[in-house]
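Below is one structure; the comments refer to it alone.
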Amino acid sequence: MKASAQPVAPTKNDALKSLRFLFPYIWHYRWRVLMALACLISAKIATVLMPLYLKDIIDQLGLPPTALVLPVAALVGYGAARLFSGVLAELRDVFFAPVTQGAIRRIATQVFTHLFQLSLRFHLNRQTGGLSRDIDRGTKGISFLLTFTLFNIVPTLFEIALVAGILLWNFDWPFAAITLATVTAYIVFTLVVTEKRMRYRRTMNELDSRASTRAIDALLNYETVKYFGCEEYELNRYDQSLEKWAQASVRNQVSLSLLNMGQAVIITFGMVVLLWMSAKGVVQRELSVGDVVLVSAYLTQLYAPLNFLGFVYREIRHALTDMERMFRLMEQEQEVTDQPEAIQWVDDVASVRFEHVSFSYDERRQVLKDVSFDLPQGKTLAVVGASGAGKSTLSRLLFRFYDVNQGTIYLNGRAIQAYTQTSLRAHIGIVPQDTVLFNDTIYHNIAYGKPDASEADVVAAAKAARIDEFIRQQPDGYHTIVGERGLKLSGGEKQRVAIARTFLKNPPLLILDEATSALDTQTERAIQEELNLISRNRTTLIIAHRLSTVVDADQIIVMEKGTIVEQGTHQQLLAKGGKYAAMWALQQES
């Protein structure tokens, strides 16, 4: 789904903009929405009719005993109105429930899709705990906004208008005027005070996200916390965040109590004045007892939704505040995008050429400086150098996690931007230096390289990576859970899972980024043979620190501070007696 096809997320905490953003998702279920609205309007009309039937019942029962008859029609009408009011309200929820949940599902999926479309730069800077809380609160806010805006605020205002009209029709204009004045005063007071309370809600959200971020970060780094005995330090940091959140929460609750008290004063004043006027009319024989009951019933009937209207408005404002941070994620622009004319990479072969490529993660520090090299189809190119020389950046650029600042990367003779990102990454496999696994089974983590692979293919990949025997020794075999980030496995075992995953993917372009760095010498030699086998007749880029793993490469380039300082075969570079030869001699001594 292209970003241009999506609704534009609101940039301010504005109900109209939020509803405009949500409208396409609601209208997708238009027939359900229309049926729910029909039930809603019918239920409100039935609710407003009930006090009229009640008035007729009281007036007919108030006749002299000689003229007293059972008000059958009024009783049947009252019962029917009450029945329809309840049944139609429930039918409304039946029709609208799929709308709410469906809209939440589609919006949450869009947010998730957008997050995957953002560049690696965004994800390196994100705070996972806070991000998760923002999305969770945002989706809950959507549910509340959809349900209560359409089914509480709008119908309550509709009911108020109907009641005011009936009072104006049956009584003098002061009855309707005082009703509208009470409602207006209530709404204005609620709006003004609630707007002032929003800063407490925003502060609570910020502090809640911060506390969640600290907690998740500490749990993800459990071993580091234990290594350095920093449990108390982490608990103090978490408690400090919660203390500030608690203070903001108390201020929020105090302001809420003041709001509720003010609302109660306004409603009580309006009710007392209207009851006094209707009671005075009975004493002066201008109104019947049924009229007093009618006014009282309407006031009682209005009081609950009006009081609820204040609660709903407060919660909608809270929901909009909660949605702000999620919408802000949708405003994050994609740093790397597909060109409109981008094509699919369908070839099963690969050749790579870097032509005067320069790149920096931060404009203050250049990582690659005018890098040029060729990696022909079916050949192996090794990149060596000290840490920070820019070796791993080459693989990130090949995957188009970033776009180069200057120069061009060519794949099969085309600029890398000519291909769609999906097809590009489908044709490149990597065994990374730092392998992070999903908290799932070993089978799932290997099959991730090709989700539709057969079980036989997954087992074959595990055997090629020399991990099948280890897996079968586990009580649960291939269904063994590896834990968060694969922490239940050793570094070598994790790396062998990553190698098996790449074997299974079987890509035309293979990147080995320190692929055997976490393995013991015996296992490294065994896997090196398999890596040599799978890279044979396959375009391979090896990023290595151990020079012994790249001696058979067709070409070796030596990088230092983002530039290529030497290039040639192993023997040629040794004969030069330069940087590579010095590194080789040092490692041989070790």
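A note on labels: chains of the structure tokens are A, B, ... as shown, every chain counts residues from 1, and ligands are counted from 1 in their shown order.
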
Check your understanding: Running DSSP on the backbone, which parts of segment 422-532 of chain A land in helix (DSSP H, G or I), as number ranges by chain?
Key -> A: 422-426, 442-447, 455-464, 468-473, 477-479, 484-486, 491-505, 521-532

Can I get the residues of segment 144-221 of chain A within 9 Å of segment 99-105 of chain A, each with the closest pair of atoms and their distance in Å to one decimal, using only C-alpha atoms, sorted chain first then ascending number, as a tab-separated table?
```
residue	atom	partner	partner_atom	distance
A:Phe144	CA	A:Thr100	CA	9.0
A:Leu146	CA	A:Thr100	CA	6.6
A:Thr147	CA	A:Thr100	CA	7.1
```

Point to revise | Atomic separation - atom CA of Gln406 of chain A relative to atom CA of Val371 of chain A, Å | key: 10.0 Å

Point to revise | Nearest to Ser351 of chain A by atom-to-atom distance, counting only C-alpha atoms, from A:Leu329, A:Leu509, A:Ala297, A:Leu274 | key: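 Result for the nearest residue to Ser351 of chain A: A:Leu509.
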
Practice item. Pick out the residues sitting within 9 Å of segment 236-239 of chain A, and hand them over as a list in words; count only C-alpha atoms, and ignore anything fewer than 2 positions along from it in its own chain. Key: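 Near neighbours after the sequence-gap exclusion: Arg210, Ala211, Ser212, Arg214, Ala215, Glu231, Glu232, Tyr233, Glu234, Ser241, Leu242, Glu243 and Lys244 of chain A.
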
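Atom pair atom CA of Leu162 of chain A / atom CA of Val76 of chain A: separated by 22.0 Å.
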
Point to revise | Who sits within 10 Å of Arg485 of chain A, only C-alpha atoms, same chain under 6 positions skipped, as a list in words | key: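 The residues that qualify are Leu220, Thr435, Val436, Leu437, Phe438, Asn439, Asp440 and Lys494 of chain A.
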
Include all heavy atoms and write out the residues we just selected as a compact mmCIF listing (two decimals), in the first residue's frame.
```txt
# COMPACT_ATOMS: atom_id res chain seq x y z
N LEU A 220 15.39 -5.93 28.48
CA LEU A 220 16.10 -6.43 27.30
C LEU A 220 17.59 -6.59 27.57
O LEU A 220 18.26 -7.44 26.96
CB LEU A 220 15.88 -5.49 26.10
CG LEU A 220 14.48 -5.50 25.48
CD1 LEU A 220 14.38 -4.45 24.39
CD2 LEU A 220 14.14 -6.87 24.92
N THR A 435 23.78 -11.54 15.31
CA THR A 435 22.55 -12.23 14.95
C THR A 435 21.51 -12.08 16.06
O THR A 435 21.76 -12.44 17.21
CB THR A 435 22.82 -13.73 14.71
OG1 THR A 435 23.75 -13.86 13.65
CG2 THR A 435 21.54 -14.45 14.35
N VAL A 436 20.35 -11.54 15.71
CA VAL A 436 19.24 -11.41 16.64
C VAL A 436 18.10 -12.28 16.13
O VAL A 436 17.69 -12.16 14.98
CB VAL A 436 18.77 -9.95 16.78
CG1 VAL A 436 17.57 -9.87 17.72
CG2 VAL A 436 19.91 -9.08 17.30
N LEU A 437 17.62 -13.19 16.99
CA LEU A 437 16.57 -14.12 16.59
C LEU A 437 15.23 -13.73 17.21
O LEU A 437 15.18 -13.01 18.21
CB LEU A 437 16.94 -15.55 17.02
CG LEU A 437 18.29 -16.09 16.51
CD1 LEU A 437 18.51 -17.52 17.02
CD2 LEU A 437 18.35 -16.06 14.99
N PHE A 438 14.16 -14.23 16.60
CA PHE A 438 12.82 -14.02 17.14
C PHE A 438 12.59 -14.96 18.32
O PHE A 438 13.12 -16.07 18.36
CB PHE A 438 11.77 -14.29 16.07
CG PHE A 438 11.79 -13.31 14.93
CD1 PHE A 438 12.47 -13.61 13.76
CD2 PHE A 438 11.15 -12.10 15.02
CE1 PHE A 438 12.50 -12.71 12.70
CE2 PHE A 438 11.17 -11.19 13.98
CZ PHE A 438 11.85 -11.50 12.82
N ASN A 439 11.78 -14.49 19.26
CA ASN A 439 11.45 -15.31 20.43
C ASN A 439 10.43 -16.37 20.01
O ASN A 439 9.26 -16.34 20.37
CB ASN A 439 10.89 -14.43 21.55
CG ASN A 439 10.75 -15.19 22.85
OD1 ASN A 439 11.16 -16.35 22.95
ND2 ASN A 439 10.17 -14.56 23.85
N ASP A 440 10.91 -17.33 19.22
CA ASP A 440 10.08 -18.38 18.66
C ASP A 440 10.92 -19.65 18.57
O ASP A 440 11.98 -19.74 19.21
CB ASP A 440 9.56 -17.95 17.28
CG ASP A 440 8.20 -18.58 16.95
OD1 ASP A 440 8.11 -19.83 17.00
OD2 ASP A 440 7.26 -17.85 16.63
N LYS A 494 23.59 -19.20 17.65
CA LYS A 494 22.78 -18.20 16.98
C LYS A 494 23.31 -17.93 15.57
O LYS A 494 22.53 -17.81 14.62
CB LYS A 494 22.78 -16.88 17.78
CG LYS A 494 21.93 -16.92 19.02
CD LYS A 494 21.62 -15.52 19.55
CE LYS A 494 22.88 -14.77 19.95
NZ LYS A 494 22.55 -13.43 20.47
```

Practice item. Could you find all residues in segment 396-562 of chain A that DSSP calls strand (DSSP E) from the backbone, and write them as a PyMOL selection string? Key: chain A and resi 406-411+414-415+428-431+509-513+539-544+555-560

Practice item. Go through A:Val404, A:Asp452, A:Ala544, A:Arg538 and flag the residue nearest Pro432 of chain A, using only C-alpha atoms for the distances. Key: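 Checking each of A:Val404, A:Asp452, A:Ala544, A:Arg538 against Pro432 of chain A, counting only C-alpha atoms, the winner is A:Ala544.
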
Practice item. Extract, using only C-alpha atoms, all DNA, RNA and protein residues at most 9 Å from segment 337-339 of chain A, discarding same-chain residues fewer than 5 positions from it, and format them as a list in words. Key: Gln117, Leu118, Gln417, Ala418, Tyr419, Thr420 and Gln421 of chain A
